[in-house]
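The structure file data-v1.txt is reproduced below (compact mmCIF, N, CA and C atoms and all ligand atoms).
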```txt
# COMPACT_ATOMS: atom_id res chain seq x y z
N MET A 1 -77.78 132.41 228.41
CA MET A 1 -77.79 133.52 229.39
C MET A 1 -76.38 134.09 229.56
N VAL A 2 -76.26 135.40 229.54
CA VAL A 2 -74.98 136.07 229.77
C VAL A 2 -74.78 136.25 231.27
N PRO A 3 -73.65 135.79 231.82
CA PRO A 3 -73.42 135.95 233.26
C PRO A 3 -73.43 137.42 233.67
N ALA A 4 -73.81 137.67 234.91
CA ALA A 4 -73.95 139.05 235.39
C ALA A 4 -72.63 139.82 235.36
N TRP A 5 -71.49 139.10 235.54
CA TRP A 5 -70.21 139.82 235.63
C TRP A 5 -69.79 140.47 234.31
N ILE A 6 -70.38 140.05 233.20
CA ILE A 6 -70.00 140.65 231.92
C ILE A 6 -70.53 142.07 231.79
N GLY A 7 -71.62 142.38 232.45
CA GLY A 7 -72.11 143.75 232.42
C GLY A 7 -73.13 143.95 231.34
N ALA A 8 -74.26 144.53 231.75
CA ALA A 8 -75.34 144.76 230.79
C ALA A 8 -74.88 145.77 229.75
N GLY A 9 -75.34 145.63 228.54
CA GLY A 9 -74.98 146.58 227.50
C GLY A 9 -73.73 146.17 226.78
N VAL A 10 -72.63 146.06 227.51
CA VAL A 10 -71.36 145.68 226.91
C VAL A 10 -71.47 144.30 226.27
N ALA A 11 -72.16 143.38 226.95
CA ALA A 11 -72.30 142.02 226.47
C ALA A 11 -73.06 141.93 225.16
N LYS A 12 -73.82 142.98 224.83
CA LYS A 12 -74.59 142.96 223.59
C LYS A 12 -73.70 143.21 222.37
N ALA A 13 -72.52 143.81 222.59
CA ALA A 13 -71.65 144.12 221.46
C ALA A 13 -71.16 142.84 220.79
N ASP A 14 -70.85 142.96 219.53
CA ASP A 14 -70.40 141.82 218.74
C ASP A 14 -68.91 141.57 219.02
N LEU A 15 -68.61 140.50 219.75
CA LEU A 15 -67.23 140.25 220.15
C LEU A 15 -66.32 140.07 218.94
N ALA A 16 -66.81 139.39 217.91
CA ALA A 16 -66.00 139.18 216.72
C ALA A 16 -65.61 140.51 216.08
N ALA A 17 -66.57 141.43 216.02
CA ALA A 17 -66.28 142.74 215.43
C ALA A 17 -65.28 143.51 216.28
N LEU A 18 -65.43 143.41 217.62
CA LEU A 18 -64.51 144.11 218.51
C LEU A 18 -63.10 143.57 218.36
N LEU A 19 -62.97 142.25 218.22
CA LEU A 19 -61.64 141.65 218.05
C LEU A 19 -61.04 142.07 216.72
N ALA A 20 -61.86 142.11 215.67
CA ALA A 20 -61.38 142.53 214.36
C ALA A 20 -60.88 143.97 214.42
N GLN A 21 -61.62 144.81 215.16
CA GLN A 21 -61.24 146.21 215.33
C GLN A 21 -59.87 146.31 216.01
N GLN A 22 -59.68 145.51 217.06
CA GLN A 22 -58.40 145.51 217.77
C GLN A 22 -57.27 145.09 216.85
N ALA A 23 -57.51 144.06 216.06
CA ALA A 23 -56.47 143.55 215.15
C ALA A 23 -56.08 144.63 214.16
N GLN A 24 -57.06 145.35 213.68
CA GLN A 24 -56.79 146.43 212.73
C GLN A 24 -55.97 147.54 213.36
N SER A 25 -56.37 147.97 214.56
CA SER A 25 -55.67 149.11 215.16
C SER A 25 -54.23 148.73 215.49
N LYS A 26 -53.97 147.46 215.83
CA LYS A 26 -52.59 147.03 216.10
C LYS A 26 -51.74 147.17 214.84
N ASN A 27 -52.34 146.80 213.70
CA ASN A 27 -51.58 146.87 212.47
C ASN A 27 -51.31 148.31 212.06
N ARG A 28 -52.25 149.19 212.39
CA ARG A 28 -52.10 150.58 211.98
C ARG A 28 -51.04 151.31 212.79
N VAL A 29 -51.09 151.15 214.11
CA VAL A 29 -50.17 151.89 214.97
C VAL A 29 -48.94 151.03 215.25
N ARG A 30 -47.78 151.47 214.76
CA ARG A 30 -46.56 150.71 215.01
C ARG A 30 -46.00 151.08 216.36
N CYS A 31 -45.55 150.11 217.13
CA CYS A 31 -44.95 150.40 218.42
C CYS A 31 -43.51 150.87 218.21
N THR A 32 -42.89 151.35 219.30
CA THR A 32 -41.54 151.91 219.19
C THR A 32 -40.56 150.88 218.65
N ALA A 33 -40.67 149.63 219.12
CA ALA A 33 -39.76 148.59 218.65
C ALA A 33 -39.97 148.33 217.15
N CYS A 34 -41.23 148.30 216.72
CA CYS A 34 -41.51 148.09 215.29
C CYS A 34 -40.96 149.24 214.46
N LYS A 35 -41.13 150.46 214.96
CA LYS A 35 -40.60 151.63 214.25
C LYS A 35 -39.09 151.51 214.11
N PHE A 36 -38.43 151.12 215.21
CA PHE A 36 -36.98 150.99 215.18
C PHE A 36 -36.58 149.94 214.15
N LEU A 37 -37.30 148.79 214.17
CA LEU A 37 -36.97 147.72 213.22
C LEU A 37 -37.14 148.19 211.78
N GLY A 38 -38.10 149.10 211.56
CA GLY A 38 -38.35 149.58 210.21
C GLY A 38 -37.45 150.73 209.78
N ASP A 39 -37.05 151.56 210.75
CA ASP A 39 -36.38 152.81 210.39
C ASP A 39 -34.90 152.87 210.72
N ALA A 40 -34.42 152.05 211.64
CA ALA A 40 -33.01 152.11 212.04
C ALA A 40 -32.13 151.56 210.94
N PRO A 41 -30.81 151.88 210.97
CA PRO A 41 -29.89 151.26 210.02
C PRO A 41 -30.04 149.74 210.08
N PRO A 42 -29.99 149.05 208.93
CA PRO A 42 -30.26 147.60 208.89
C PRO A 42 -29.49 146.79 209.91
N GLU A 43 -28.21 147.09 210.14
CA GLU A 43 -27.45 146.26 211.09
C GLU A 43 -27.97 146.43 212.51
N ASP A 44 -28.42 147.66 212.85
CA ASP A 44 -28.97 147.87 214.18
C ASP A 44 -30.35 147.22 214.32
N ALA A 45 -31.13 147.27 213.25
CA ALA A 45 -32.44 146.63 213.27
C ALA A 45 -32.27 145.12 213.45
N THR A 46 -31.29 144.54 212.77
CA THR A 46 -31.02 143.11 212.90
C THR A 46 -30.60 142.78 214.33
N THR A 47 -29.72 143.62 214.89
CA THR A 47 -29.27 143.41 216.27
C THR A 47 -30.44 143.43 217.23
N LEU A 48 -31.35 144.40 217.03
CA LEU A 48 -32.51 144.48 217.92
C LEU A 48 -33.41 143.26 217.76
N SER A 49 -33.64 142.85 216.52
CA SER A 49 -34.56 141.72 216.35
C SER A 49 -33.96 140.44 216.93
N GLU A 50 -32.63 140.31 216.89
CA GLU A 50 -31.99 139.16 217.54
C GLU A 50 -32.16 139.23 219.06
N ALA A 51 -31.98 140.44 219.60
CA ALA A 51 -32.15 140.61 221.06
C ALA A 51 -33.59 140.31 221.46
N LEU A 52 -34.55 140.73 220.64
CA LEU A 52 -35.97 140.51 220.96
C LEU A 52 -36.31 139.02 220.98
N SER A 53 -35.65 138.24 220.15
CA SER A 53 -35.97 136.81 220.14
C SER A 53 -35.05 136.01 221.06
N ASP A 54 -34.15 136.70 221.79
CA ASP A 54 -33.26 136.03 222.72
C ASP A 54 -33.88 136.05 224.12
N PRO A 55 -34.27 134.85 224.63
CA PRO A 55 -34.92 134.80 225.95
C PRO A 55 -34.01 135.26 227.08
N GLU A 56 -32.70 135.29 226.84
CA GLU A 56 -31.76 135.76 227.87
C GLU A 56 -31.81 137.28 228.03
N MET A 57 -32.31 137.98 227.00
CA MET A 57 -32.37 139.44 227.04
C MET A 57 -33.72 139.87 227.58
N SER A 58 -33.72 140.46 228.79
CA SER A 58 -35.00 140.91 229.36
C SER A 58 -35.45 142.18 228.68
N ALA A 59 -36.75 142.46 228.82
CA ALA A 59 -37.30 143.69 228.26
C ALA A 59 -36.58 144.91 228.84
N GLY A 60 -36.26 144.85 230.13
CA GLY A 60 -35.56 145.96 230.77
C GLY A 60 -34.18 146.18 230.18
N MET A 61 -33.45 145.09 229.94
CA MET A 61 -32.11 145.19 229.35
C MET A 61 -32.19 145.83 227.96
N ILE A 62 -33.15 145.38 227.16
CA ILE A 62 -33.28 145.90 225.80
C ILE A 62 -33.68 147.38 225.84
N ALA A 63 -34.64 147.70 226.72
CA ALA A 63 -35.09 149.10 226.82
C ALA A 63 -33.94 150.01 227.25
N ARG A 64 -33.14 149.56 228.23
CA ARG A 64 -32.03 150.40 228.69
C ARG A 64 -30.98 150.58 227.60
N ALA A 65 -30.71 149.53 226.85
CA ALA A 65 -29.74 149.64 225.75
C ALA A 65 -30.25 150.60 224.69
N LEU A 66 -31.53 150.49 224.37
CA LEU A 66 -32.11 151.40 223.37
C LEU A 66 -32.09 152.85 223.87
N GLN A 67 -32.35 153.03 225.16
CA GLN A 67 -32.31 154.39 225.73
C GLN A 67 -30.90 154.96 225.62
N ALA A 68 -29.89 154.14 225.90
CA ALA A 68 -28.51 154.60 225.78
C ALA A 68 -28.17 154.90 224.32
N TYR A 69 -28.81 154.19 223.41
CA TYR A 69 -28.62 154.40 221.98
C TYR A 69 -29.29 155.69 221.53
N GLY A 70 -30.29 156.14 222.31
CA GLY A 70 -30.97 157.40 221.99
C GLY A 70 -32.44 157.25 221.67
N VAL A 71 -33.00 156.06 221.92
CA VAL A 71 -34.42 155.83 221.65
C VAL A 71 -35.20 155.86 222.96
N THR A 72 -36.24 156.65 223.01
CA THR A 72 -37.08 156.70 224.20
C THR A 72 -38.06 155.54 224.15
N VAL A 73 -37.84 154.55 225.00
CA VAL A 73 -38.71 153.36 225.01
C VAL A 73 -38.72 152.76 226.41
N SER A 74 -39.88 152.24 226.83
CA SER A 74 -40.01 151.65 228.16
C SER A 74 -39.93 150.13 228.07
N PRO A 75 -39.52 149.49 229.18
CA PRO A 75 -39.52 148.02 229.19
C PRO A 75 -40.89 147.44 228.83
N SER A 76 -41.96 148.11 229.26
CA SER A 76 -43.29 147.57 228.97
C SER A 76 -43.59 147.61 227.47
N ALA A 77 -43.03 148.61 226.77
CA ALA A 77 -43.21 148.66 225.32
C ALA A 77 -42.51 147.48 224.65
N ILE A 78 -41.35 147.10 225.19
CA ILE A 78 -40.62 145.95 224.65
C ILE A 78 -41.40 144.66 224.93
N SER A 79 -41.91 144.54 226.16
CA SER A 79 -42.71 143.34 226.50
C SER A 79 -43.93 143.24 225.60
N ARG A 80 -44.58 144.38 225.40
CA ARG A 80 -45.79 144.36 224.59
C ARG A 80 -45.45 143.98 223.15
N HIS A 81 -44.35 144.50 222.66
CA HIS A 81 -43.94 144.15 221.30
C HIS A 81 -43.72 142.64 221.20
N ARG A 82 -43.05 142.07 222.19
CA ARG A 82 -42.80 140.62 222.16
C ARG A 82 -44.11 139.84 222.19
N ARG A 83 -45.10 140.33 222.92
CA ARG A 83 -46.38 139.62 223.01
C ARG A 83 -47.27 139.82 221.79
N GLU A 84 -47.30 141.06 221.30
CA GLU A 84 -48.39 141.42 220.39
C GLU A 84 -47.98 141.70 218.95
N CYS A 85 -46.71 141.93 218.69
CA CYS A 85 -46.32 142.29 217.32
C CYS A 85 -45.74 141.07 216.61
N ARG A 86 -45.86 141.09 215.30
CA ARG A 86 -45.25 140.02 214.52
C ARG A 86 -44.30 140.60 213.49
ZN ZN B 1 -43.95 146.15 217.82
```

So that I can check it, write out the structure of this file as structure tokens.
Ligand SMILES: [Zn+2]
Amino acid sequence: MVPAWIGAGVAKADLAALLAQQAQSKNRVRCTACKFLGDAPPEDATTLSEALSDPEMSAGMIARALQAYGVTVSPSAISRHRRECR
């Protein structure tokens, strides 16, 4: 039995297919941080990837530094990149 809170109709969808769809769309659309890592000069891309893996650097700090560098990016985009991108 599907619990009532899941919602009729939605619960009928194939969860595995929905997850696969999400995984695909993540790979297709690159986030701002991923774009920077791919397109910026190599030394700057390396600097960013070091900052991203440094727990001392908050998403806000990284976003503000990137904004000063000339990249329009929000702290939430940095957080999401840390959570969801590889
Ligand atoms: Zn990313």

Discussion item. Would you compute the distance between atom N of Cys31 of chain A and atom C of Ser79 of chain A? Give it in Å to one decimal.
Written reply: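 These two atoms are separated by 11.0 Å.
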
Discussion item. Set the distance at 7 Å and use all atoms listed in the file: which residues neighbour Ala33 of chain A once local chain neighbours fewer than 3 positions away are removed? I'd like the list as a VMD selection string.
Written reply: chain A and resid 30 36 to 38 77 to 78 81

Worksheet, complete the sentence: Counting only N, CA and C atoms and all ligand atoms, closest pick from A:Leu15, A:Tyr69, A:Cys34, A:Glu50 relative to ligand ZN 1 (chain B) is A:Cys34

Worksheet item: Between atom N of Ala68 of chain A and atom C of Glu84 of chain A, what is the spacing in Å?
Response: 23.0 Å

Fill in: Point-to-point distance from atom N of Ser49 of chain A to atom CA of Ile62 of chain A, Å rounded to tenths
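A separation of 9.8 Å between them.
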